[in-house]
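Engineer: Right, I'll just put the structure down here and ask away after.
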Amino acid sequence: MKLKIGIVCYPTVGGSGVVATELGKLLAERGHEIHFISSNIPFRLNKVYCNIYYHEVTVNQYSVFQYPPYDLALASKIAEVTKRERLDLLHVHYAVPHAVCAVLAKQMVDHDVKIVTTLHGTDITVLGYDPSLTDIIKFGIEKSDVVTAVSNALVQQTYELLDVQKDIQTVYNFVDERVYRKKDVDALKEAYGISEQEKVIIHVSNFRKVKRVPDVVRAFSLVRQALPAKLLLVGDGPEMTVVCRLVKQLGLTKDVLCLGKQENLEELYSISDVKWLLSEKESFGLVLLEAMACSVPCIGTNIGGIPEVIDDGKTGFLCELGDVEAVAERTIKLLQDDHLHAAMAENALQTVYTKFYSKEIVQQYEAIYASLMKGV
Ligand code: GMT
């Protein structure tokens, strides 16, 4: 059954926006009509698709408003597009304000539009602690027709934090394997001045406190004492100043390359030997999957959804939060053992094509949509 689907997401760089956009593109390839409703064109929507439309939310800046009413503008845009295009369903990514806006928009529409809400992580694990938001997040979840979350850990945390009376299904994240795959980019390694003998460790994030980037630098300092290596820091955010200061303090300036925000991450993964994600909160860790698709073993913290992505000892290693010695010790073991590295790289790639295979994940969403359409 081909459907008209409205996708509401944050358009900027960030896991939830990436997953929503990639899902929209794959659904369009499978014949559905996709309407993105967002404040800006989703940044991964980088070519023309004849069955993908983009509807921009513009916010009234009238001076009487101390805060421009984005949420109302979004709800109103969702209602307008839903009515005009007669959308079958809305798939909203991130609980606030998107789920709540969709619920509001539904009241303004005279046909039965269904709401699927996908929880991505910080909408629960950070905002769920804010007493001014808990009730409205719970409301958005309970009024949705179907709620999914990107890991079992996030499902569990949502029940514990918000006591929601709603079945929440896990649908894992995925990557487009046609884009994320190992490429031949030796010239890039050379261009960065990385020699043949040097191993490459990569960290990609938005450099917020939860990502614990100082731990990444401290662990790298230990690895660097054992073998020649470079650390690629990709992304930017509030912690960058602190991180740069630490790099200098530890005398690592020559070996830490701060690359800022980058596109075409598959090229950077392709020159990397191991990926680190040492966060204190992480519902899934999409960047891990991106690296795994490029045959890069991962080392991550044993928190949130990371243990569902990294199979400890098989596709990489798990370490306890803040245990930089363990991160360094396991990294050194991995980088000094070519057989172990090759086995983990292969296992990582296989996991992308089995547990997180994009085709199957998209079919899981389609099955959810189809179940909602039955009674309509
Ligand atoms: O990691 C972030 O801070 C960005 C955040 C977002 O909302 O885009 O990412 C969340 O959603 C991603 C996609 O589902 C997950 O892969 C990330 O693990 C999750 N981030 C956190 O839980 C901190």
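Labels used: A, B, ... for chains in the order of the structure tokens, numbers from 1 for residues in each chain, and numbers from 1 for ligands as shown.
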Using only C-alpha atoms and all ligand atoms, find each residue of chain A with at least one atom at most 6 Å away from an atom of ligand 1; report its shortest atom-to-atom pair and that distance in Å (one decimal), sort the rows by chain and rising residue number, and return the result as JSON lines.
Structural biologist:
{"residue": "A:Gly14", "atom": "CA", "partner": "ligand 1", "partner_atom_place_in_ligand_line": "8 (O)", "distance": 3.7}
{"residue": "A:Gly15", "atom": "CA", "partner": "ligand 1", "partner_atom_place_in_ligand_line": "8 (O)", "distance": 3.5}
{"residue": "A:Ser16", "atom": "CA", "partner": "ligand 1", "partner_atom_place_in_ligand_line": "8 (O)", "distance": 3.8}
{"residue": "A:Gly17", "atom": "CA", "partner": "ligand 1", "partner_atom_place_in_ligand_line": "8 (O)", "distance": 5.9}
{"residue": "A:His120", "atom": "CA", "partner": "ligand 1", "partner_atom_place_in_ligand_line": "14 (O)", "distance": 4.2}
{"residue": "A:Gly121", "atom": "CA", "partner": "ligand 1", "partner_atom_place_in_ligand_line": "22 (O)", "distance": 3.8}
{"residue": "A:Thr122", "atom": "CA", "partner": "ligand 1", "partner_atom_place_in_ligand_line": "22 (O)", "distance": 4.9}
{"residue": "A:Val150", "atom": "CA", "partner": "ligand 1", "partner_atom_place_in_ligand_line": "14 (O)", "distance": 5.7}
{"residue": "A:Lys281", "atom": "CA", "partner": "ligand 1", "partner_atom_place_in_ligand_line": "23 (C)", "distance": 5.1}
{"residue": "A:Glu282", "atom": "CA", "partner": "ligand 1", "partner_atom_place_in_ligand_line": "22 (O)", "distance": 3.6}
{"residue": "A:Ser283", "atom": "CA", "partner": "ligand 1", "partner_atom_place_in_ligand_line": "22 (O)", "distance": 3.8}
{"residue": "A:Phe284", "atom": "CA", "partner": "ligand 1", "partner_atom_place_in_ligand_line": "18 (O)", "distance": 3.8}
{"residue": "A:Gly285", "atom": "CA", "partner": "ligand 1", "partner_atom_place_in_ligand_line": "18 (O)", "distance": 3.7}
{"residue": "A:Leu286", "atom": "CA", "partner": "ligand 1", "partner_atom_place_in_ligand_line": "16 (O)", "distance": 3.8}
Engineer: Atoms to include: N, CA and C atoms. Write the selected residues as a PDB file, in the first residue's frame.
Structural biologist:
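Done, and the output landed in out-v4.pdb:
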ATOM      1  N   GLY A  14      22.452  16.081  13.250  1.00  0.00           N
ATOM      2  CA  GLY A  14      22.022  15.446  14.506  1.00  0.00           C
ATOM      3  C   GLY A  14      21.347  14.158  14.149  1.00  0.00           C
ATOM      4  N   GLY A  15      21.554  13.158  14.984  1.00  0.00           N
ATOM      5  CA  GLY A  15      21.088  11.813  14.666  1.00  0.00           C
ATOM      6  C   GLY A  15      19.618  11.713  14.298  1.00  0.00           C
ATOM      7  N   SER A  16      18.749  12.394  15.052  1.00  0.00           N
ATOM      8  CA  SER A  16      17.312  12.205  14.805  1.00  0.00           C
ATOM      9  C   SER A  16      16.931  12.741  13.428  1.00  0.00           C
ATOM     10  N   GLY A  17      17.504  13.890  13.052  1.00  0.00           N
ATOM     11  CA  GLY A  17      17.225  14.470  11.735  1.00  0.00           C
ATOM     12  C   GLY A  17      17.783  13.607  10.621  1.00  0.00           C
ATOM     13  N   HIS A 120      14.033   9.557  20.214  1.00  0.00           N
ATOM     14  CA  HIS A 120      15.432   9.416  19.785  1.00  0.00           C
ATOM     15  C   HIS A 120      16.443   9.426  20.909  1.00  0.00           C
ATOM     16  N   GLY A 121      16.068   9.912  22.076  1.00  0.00           N
ATOM     17  CA  GLY A 121      17.056   9.860  23.163  1.00  0.00           C
ATOM     18  C   GLY A 121      16.971  11.047  24.084  1.00  0.00           C
ATOM     19  N   THR A 122      17.588  12.150  23.660  1.00  0.00           N
ATOM     20  CA  THR A 122      17.636  13.296  24.562  1.00  0.00           C
ATOM     21  C   THR A 122      16.236  13.859  24.835  1.00  0.00           C
ATOM     22  N   VAL A 150      14.478   4.088  19.594  1.00  0.00           N
ATOM     23  CA  VAL A 150      15.581   3.571  18.779  1.00  0.00           C
ATOM     24  C   VAL A 150      16.409   2.479  19.462  1.00  0.00           C
ATOM     25  N   LYS A 281      25.479   9.532  28.099  1.00  0.00           N
ATOM     26  CA  LYS A 281      24.101   9.220  27.699  1.00  0.00           C
ATOM     27  C   LYS A 281      24.139   8.983  26.210  1.00  0.00           C
ATOM     28  N   GLU A 282      23.493   7.931  25.747  1.00  0.00           N
ATOM     29  CA  GLU A 282      23.457   7.669  24.301  1.00  0.00           C
ATOM     30  C   GLU A 282      22.368   6.633  24.077  1.00  0.00           C
ATOM     31  N   SER A 283      21.296   7.045  23.439  1.00  0.00           N
ATOM     32  CA  SER A 283      20.192   6.092  23.272  1.00  0.00           C
ATOM     33  C   SER A 283      20.536   5.030  22.230  1.00  0.00           C
ATOM     34  N   PHE A 284      21.393   5.375  21.296  1.00  0.00           N
ATOM     35  CA  PHE A 284      21.750   4.429  20.237  1.00  0.00           C
ATOM     36  C   PHE A 284      23.210   4.621  19.812  1.00  0.00           C
ATOM     37  N   GLY A 285      23.519   5.811  19.303  1.00  0.00           N
ATOM     38  CA  GLY A 285      24.885   6.068  18.826  1.00  0.00           C
ATOM     39  C   GLY A 285      24.975   5.785  17.338  1.00  0.00           C
ATOM     40  N   LEU A 286      24.237   6.572  16.567  1.00  0.00           N
ATOM     41  CA  LEU A 286      24.191   6.352  15.112  1.00  0.00           C
ATOM     42  C   LEU A 286      25.582   6.376  14.482  1.00  0.00           C
TER      43      LEU A 286
END
Engineer: Which residues come within 7 Å of Thr21 of chain A, counting only C-alpha atoms, excluding same-chain residues fewer than 4 positions away, as a list in words?
Structural biologist: Gly17, Lys25, Pro42, Arg44 and Leu45 of chain A
Engineer: Write the residues you've just listed into a file as a PDB file, in the first residue's frame, and include N, CA and C atoms for each of them.
Structural biologist:
ATOM      1  N   GLY A  17      17.504  13.890  13.052  1.00  0.00           N
ATOM      2  CA  GLY A  17      17.225  14.470  11.735  1.00  0.00           C
ATOM      3  C   GLY A  17      17.783  13.607  10.621  1.00  0.00           C
ATOM      4  N   LYS A  25      13.804   9.211   2.496  1.00  0.00           N
ATOM      5  CA  LYS A  25      14.346   8.918   1.163  1.00  0.00           C
ATOM      6  C   LYS A  25      14.101   7.457   0.778  1.00  0.00           C
ATOM      7  N   PRO A  42      15.849  19.518   5.233  1.00  0.00           N
ATOM      8  CA  PRO A  42      16.732  18.573   5.915  1.00  0.00           C
ATOM      9  C   PRO A  42      18.067  18.462   5.179  1.00  0.00           C
ATOM     10  N   ARG A  44      20.371  16.391   4.749  1.00  0.00           N
ATOM     11  CA  ARG A  44      20.771  15.215   3.956  1.00  0.00           C
ATOM     12  C   ARG A  44      19.918  15.051   2.693  1.00  0.00           C
ATOM     13  N   LEU A  45      18.936  15.961   2.520  1.00  0.00           N
ATOM     14  CA  LEU A  45      18.064  15.831   1.351  1.00  0.00           C
ATOM     15  C   LEU A  45      18.776  16.501   0.176  1.00  0.00           C
TER      16      LEU A  45
END
Engineer: Excluding segment 139-143 of chain A and residues on its chain fewer than 5 positions from it, collect all residues at most 6 Å away from it, counting only C-alpha atoms, and give them as a VMD selection string.
Structural biologist: chain A and resid 99 to 100 166
Engineer: Write the selection just made, keeping C-alpha atoms, as an mmCIF file, in the first residue's frame?
Structural biologist:
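Result file follows (again-v2.cif):
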data_model
loop_
_atom_site.group_PDB
_atom_site.id
_atom_site.type_symbol
_atom_site.label_atom_id
_atom_site.label_comp_id
_atom_site.auth_asym_id
_atom_site.auth_seq_id
_atom_site.Cartn_x
_atom_site.Cartn_y
_atom_site.Cartn_z
ATOM 1 C CA ALA A 99 4.664 14.757 18.907
ATOM 2 C CA VAL A 100 2.696 17.403 20.778
ATOM 3 C CA LYS A 166 1.614 3.162 26.091
#
Engineer: Select from segment 220-323 of chain A every residue with an atom at most 12 Å from any atom of segment 194-200 of chain A, then for each give the shortest pair of atoms and their distance in Å to one decimal, using only C-alpha atoms, rows by chain and rising number, as a Markdown table.
Structural biologist:
| residue | atom | partner | partner_atom | distance |
| --- | --- | --- | --- | --- |
| A:Phe220 | CA | A:Val200 | CA | 10.4 |
| A:Val223 | CA | A:Lys199 | CA | 10.0 |
| A:Arg224 | CA | A:Lys199 | CA | 9.7 |
| A:Ala226 | CA | A:Lys199 | CA | 11.2 |
| A:Leu227 | CA | A:Glu198 | CA | 7.8 |
| A:Pro228 | CA | A:Glu198 | CA | 4.9 |
| A:Ala229 | CA | A:Lys199 | CA | 4.5 |
| A:Lys230 | CA | A:Val200 | CA | 5.0 |
| A:Leu231 | CA | A:Val200 | CA | 5.9 |
| A:Leu232 | CA | A:Val200 | CA | 7.2 |
| A:Leu233 | CA | A:Val200 | CA | 10.7 |
| A:Lys254 | CA | A:Ile194 | CA | 10.7 |
| A:Asp255 | CA | A:Ile194 | CA | 9.1 |
| A:Val256 | CA | A:Val200 | CA | 10.0 |
| A:Leu257 | CA | A:Ile194 | CA | 10.2 |
| A:Leu268 | CA | A:Val200 | CA | 9.7 |
| A:Tyr269 | CA | A:Val200 | CA | 9.3 |
| A:Ser270 | CA | A:Val200 | CA | 10.0 |
| A:Ile271 | CA | A:Val200 | CA | 7.0 |
| A:Ser272 | CA | A:Val200 | CA | 4.8 |
| A:Asp273 | CA | A:Val200 | CA | 5.2 |
| A:Val274 | CA | A:Val200 | CA | 6.8 |
| A:Lys275 | CA | A:Val200 | CA | 8.8 |
| A:Trp276 | CA | A:Val200 | CA | 10.9 |
| A:Val296 | CA | A:Val200 | CA | 10.6 |
| A:Pro297 | CA | A:Val200 | CA | 11.8 |
Engineer: How would you write, as a list in words, the set of residues in segment 17-95 of chain A that DSSP gives as strand (DSSP E or B)?
Structural biologist: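 The strand (DSSP E or B) subset of segment 17-95 of chain A is Glu33, Ile34, His35, Phe36, Ile37, Ser38, Ile52, Tyr53, Tyr54, His55, Glu56, Leu89, Leu90, His91, Val92 and His93 of chain A.
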Engineer: Got time to write the residues from that selection, C-alpha atoms, as an mmCIF file, in the first residue's frame?
Structural biologist:
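Now in selection.cif:
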data_model
loop_
_atom_site.group_PDB
_atom_site.id
_atom_site.type_symbol
_atom_site.label_atom_id
_atom_site.label_comp_id
_atom_site.auth_asym_id
_atom_site.auth_seq_id
_atom_site.Cartn_x
_atom_site.Cartn_y
_atom_site.Cartn_z
ATOM 1 C CA GLU A 33 4.821 10.090 -1.186
ATOM 2 C CA ILE A 34 6.864 11.932 1.427
ATOM 3 C CA HIS A 35 6.205 15.408 2.812
ATOM 4 C CA PHE A 36 8.937 16.786 5.084
ATOM 5 C CA ILE A 37 7.627 19.466 7.414
ATOM 6 C CA SER A 38 10.470 21.311 9.086
ATOM 7 C CA ILE A 52 9.510 14.065 -1.886
ATOM 8 C CA TYR A 53 8.155 17.485 -0.941
ATOM 9 C CA TYR A 54 9.438 19.970 1.600
ATOM 10 C CA HIS A 55 7.151 22.343 3.516
ATOM 11 C CA GLU A 56 8.877 25.080 5.454
ATOM 12 C CA LEU A 89 -0.071 9.566 8.539
ATOM 13 C CA LEU A 90 2.444 11.731 10.313
ATOM 14 C CA HIS A 91 5.736 10.229 11.423
ATOM 15 C CA VAL A 92 7.262 12.633 13.918
ATOM 16 C CA HIS A 93 10.818 12.324 15.170
#
Engineer: So that I can see what lies close to Val352 of chain A, please list as an MDAnalysis selection string the residues with an atom at most 8 Å from it, counting only C-alpha atoms and leaving out residues fewer than 3 positions away in the same chain.
Structural biologist: chainID A and resid 174 289 292:293 348:349 355:357
Engineer: The selected residues should be written to file as an mmCIF file, in the first residue's frame (atoms: C-alpha atoms).
Structural biologist:
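Listing of part_15.cif after writing:
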data_model
loop_
_atom_site.group_PDB
_atom_site.id
_atom_site.type_symbol
_atom_site.label_atom_id
_atom_site.label_comp_id
_atom_site.auth_asym_id
_atom_site.auth_seq_id
_atom_site.Cartn_x
_atom_site.Cartn_y
_atom_site.Cartn_z
ATOM 1 C CA PHE A 174 20.019 2.191 10.234
ATOM 2 C CA LEU A 289 26.719 2.253 12.959
ATOM 3 C CA MET A 292 30.710 -0.170 11.399
ATOM 4 C CA ALA A 293 29.290 0.085 7.868
ATOM 5 C CA ALA A 348 31.020 -4.995 12.473
ATOM 6 C CA LEU A 349 30.179 -4.914 8.770
ATOM 7 C CA LYS A 355 20.702 -6.617 12.912
ATOM 8 C CA PHE A 356 20.557 -3.079 11.455
ATOM 9 C CA TYR A 357 19.921 -3.751 7.759
#
Engineer: Can you measure atom CA of Glu80 of chain A to atom CA of Pro68 of chain A for me? One decimal in Å is fine.
Structural biologist: 19.4 Å
Engineer: Which residues are near Phe317 of chain A? Cut-off 9 Å, only C-alpha atoms, ignore same chain within fewer than 5 positions. Put them as a VMD selection string.
Structural biologist: chain A and resid 297 to 301 310 to 312 327 330 to 331
Engineer: Nearest to Thr117 of chain A among A:Ala102, A:Val164, A:Val287, A:Leu277, with distances taken over only C-alpha atoms: which residue is it?
Structural biologist: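 Using only C-alpha atoms, the shortest distance to Thr117 of chain A belongs to A:Ala102.
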Engineer: What is the distance, in Å and to one decimal place, between atom CA of Gly193 of chain A and atom CA of Leu259 of chain A?
Structural biologist: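 Result for atom CA of Gly193 of chain A versus atom CA of Leu259 of chain A: 13.3 Å, one decimal.
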Engineer: Tell me, as a CSV table (one decimal) with N, CA and C atoms, in the first residue's frame, which residues lie within 9 Å of Val18 of chain A, counting only C-alpha atoms; anything in the same chain fewer than 6 positions away does not count.
Structural biologist:
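Written file, part_31.csv:
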chain,number,residue,atom,x,y,z
A,9,CYS,N,10.7,16.6,11.5
A,9,CYS,CA,12.0,16.4,12.2
A,9,CYS,C,12.8,17.7,12.3
A,10,TYR,N,13.9,17.6,13.1
A,10,TYR,CA,14.8,18.7,13.1
A,10,TYR,C,15.7,18.5,11.9
A,11,PRO,N,15.9,19.6,11.2
A,11,PRO,CA,16.6,19.5,9.9
A,11,PRO,C,18.1,19.6,10.0
A,12,THR,N,18.6,20.0,11.2
A,12,THR,CA,20.0,20.3,11.3
A,12,THR,C,20.8,19.0,11.5
A,42,PRO,N,15.8,19.5,5.2
A,42,PRO,CA,16.7,18.6,5.9
A,42,PRO,C,18.1,18.5,5.2
A,43,PHE,N,19.2,18.6,5.9
A,43,PHE,CA,20.5,18.8,5.3
A,43,PHE,C,20.9,17.6,4.5
A,44,ARG,N,20.4,16.4,4.7
A,44,ARG,CA,20.8,15.2,4.0
A,44,ARG,C,19.9,15.1,2.7
Engineer: At a cut-off of 10 Å, using only C-alpha atoms, what residues contact segment 362-365 of chain A? Leave out same-chain residues fewer than 5 positions from it and give the result as JSON, numbers by chain.
Structural biologist: {"A": [22, 23, 24, 26, 27, 30, 91, 116, 148, 170, 171, 172, 173, 174, 357, 370, 371]}
Engineer: Please produce a file of those selected residues containing N, CA and C atoms, as a CSV table (one decimal), in the first residue's frame.
Structural biologist:
chain,number,residue,atom,x,y,z
A,22,GLU,N,16.9,10.0,6.1
A,22,GLU,CA,17.2,8.8,5.4
A,22,GLU,C,16.0,7.9,5.3
A,23,LEU,N,15.2,7.9,6.3
A,23,LEU,CA,13.9,7.0,6.3
A,23,LEU,C,13.0,7.6,5.1
A,24,GLY,N,12.8,8.9,5.1
A,24,GLY,CA,12.0,9.5,4.1
A,24,GLY,C,12.5,9.2,2.7
A,26,LEU,N,14.3,6.5,1.7
A,26,LEU,CA,14.1,5.1,1.4
A,26,LEU,C,12.6,4.8,1.2
A,27,LEU,N,11.8,5.5,2.0
A,27,LEU,CA,10.3,5.3,1.8
A,27,LEU,C,9.9,5.8,0.4
A,30,ARG,N,10.6,3.4,-2.2
A,30,ARG,CA,9.7,2.3,-2.2
A,30,ARG,C,8.3,2.7,-2.7
A,91,HIS,N,4.7,10.9,10.7
A,91,HIS,CA,5.7,10.2,11.4
A,91,HIS,C,6.6,11.3,12.0
A,116,VAL,N,2.6,8.5,14.2
A,116,VAL,CA,3.7,7.6,14.7
A,116,VAL,C,4.8,8.5,15.3
A,148,THR,N,7.6,4.5,18.8
A,148,THR,CA,8.8,3.6,18.7
A,148,THR,C,9.9,4.4,19.4
A,170,THR,N,10.6,-1.1,20.0
A,170,THR,CA,12.0,-0.8,19.5
A,170,THR,C,12.1,-0.9,18.0
A,171,VAL,N,12.5,0.1,17.3
A,171,VAL,CA,12.9,0.0,15.9
A,171,VAL,C,14.3,0.6,15.8
A,172,TYR,N,15.2,-0.2,15.5
A,172,TYR,CA,16.6,0.3,15.6
A,172,TYR,C,16.9,1.3,14.4
A,173,ASN,N,17.9,2.1,14.6
A,173,ASN,CA,18.4,3.0,13.6
A,173,ASN,C,19.1,2.2,12.5
A,174,PHE,N,19.3,2.8,11.4
A,174,PHE,CA,20.0,2.2,10.2
A,174,PHE,C,20.8,3.3,9.5
A,357,TYR,N,20.0,-3.9,9.2
A,357,TYR,CA,19.9,-3.8,7.8
A,357,TYR,C,18.8,-2.8,7.4
A,370,ALA,N,1.2,0.1,7.9
A,370,ALA,CA,0.1,-0.7,7.4
A,370,ALA,C,-0.9,-1.1,8.5
A,371,SER,N,-0.4,-1.4,9.7
A,371,SER,CA,-1.3,-1.8,10.7
A,371,SER,C,-2.2,-0.7,11.1
Engineer: Mind pulling up the distance from atom CA of Tyr62 of chain A to atom CA of Ala79 of chain A?
Structural biologist: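 Rounded to one decimal, the two atoms are 21.7 Å apart.
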Engineer: Using DSSP assignments from the backbone, pull out every residue in segment 16-262 of chain A that falls under alpha helix (DSSP H) and give it to me as a ChimeraX atom specification.
Structural biologist: /A:16-29,70-85,100-107,122-125,134-143,152-162,186-191,213-226,240-249
Engineer: Taking only C-alpha atoms into account, which of A:Arg178, A:Lys106, A:Arg218, A:Arg245 comes nearest Glu290 of chain A?
Structural biologist: A:Arg178
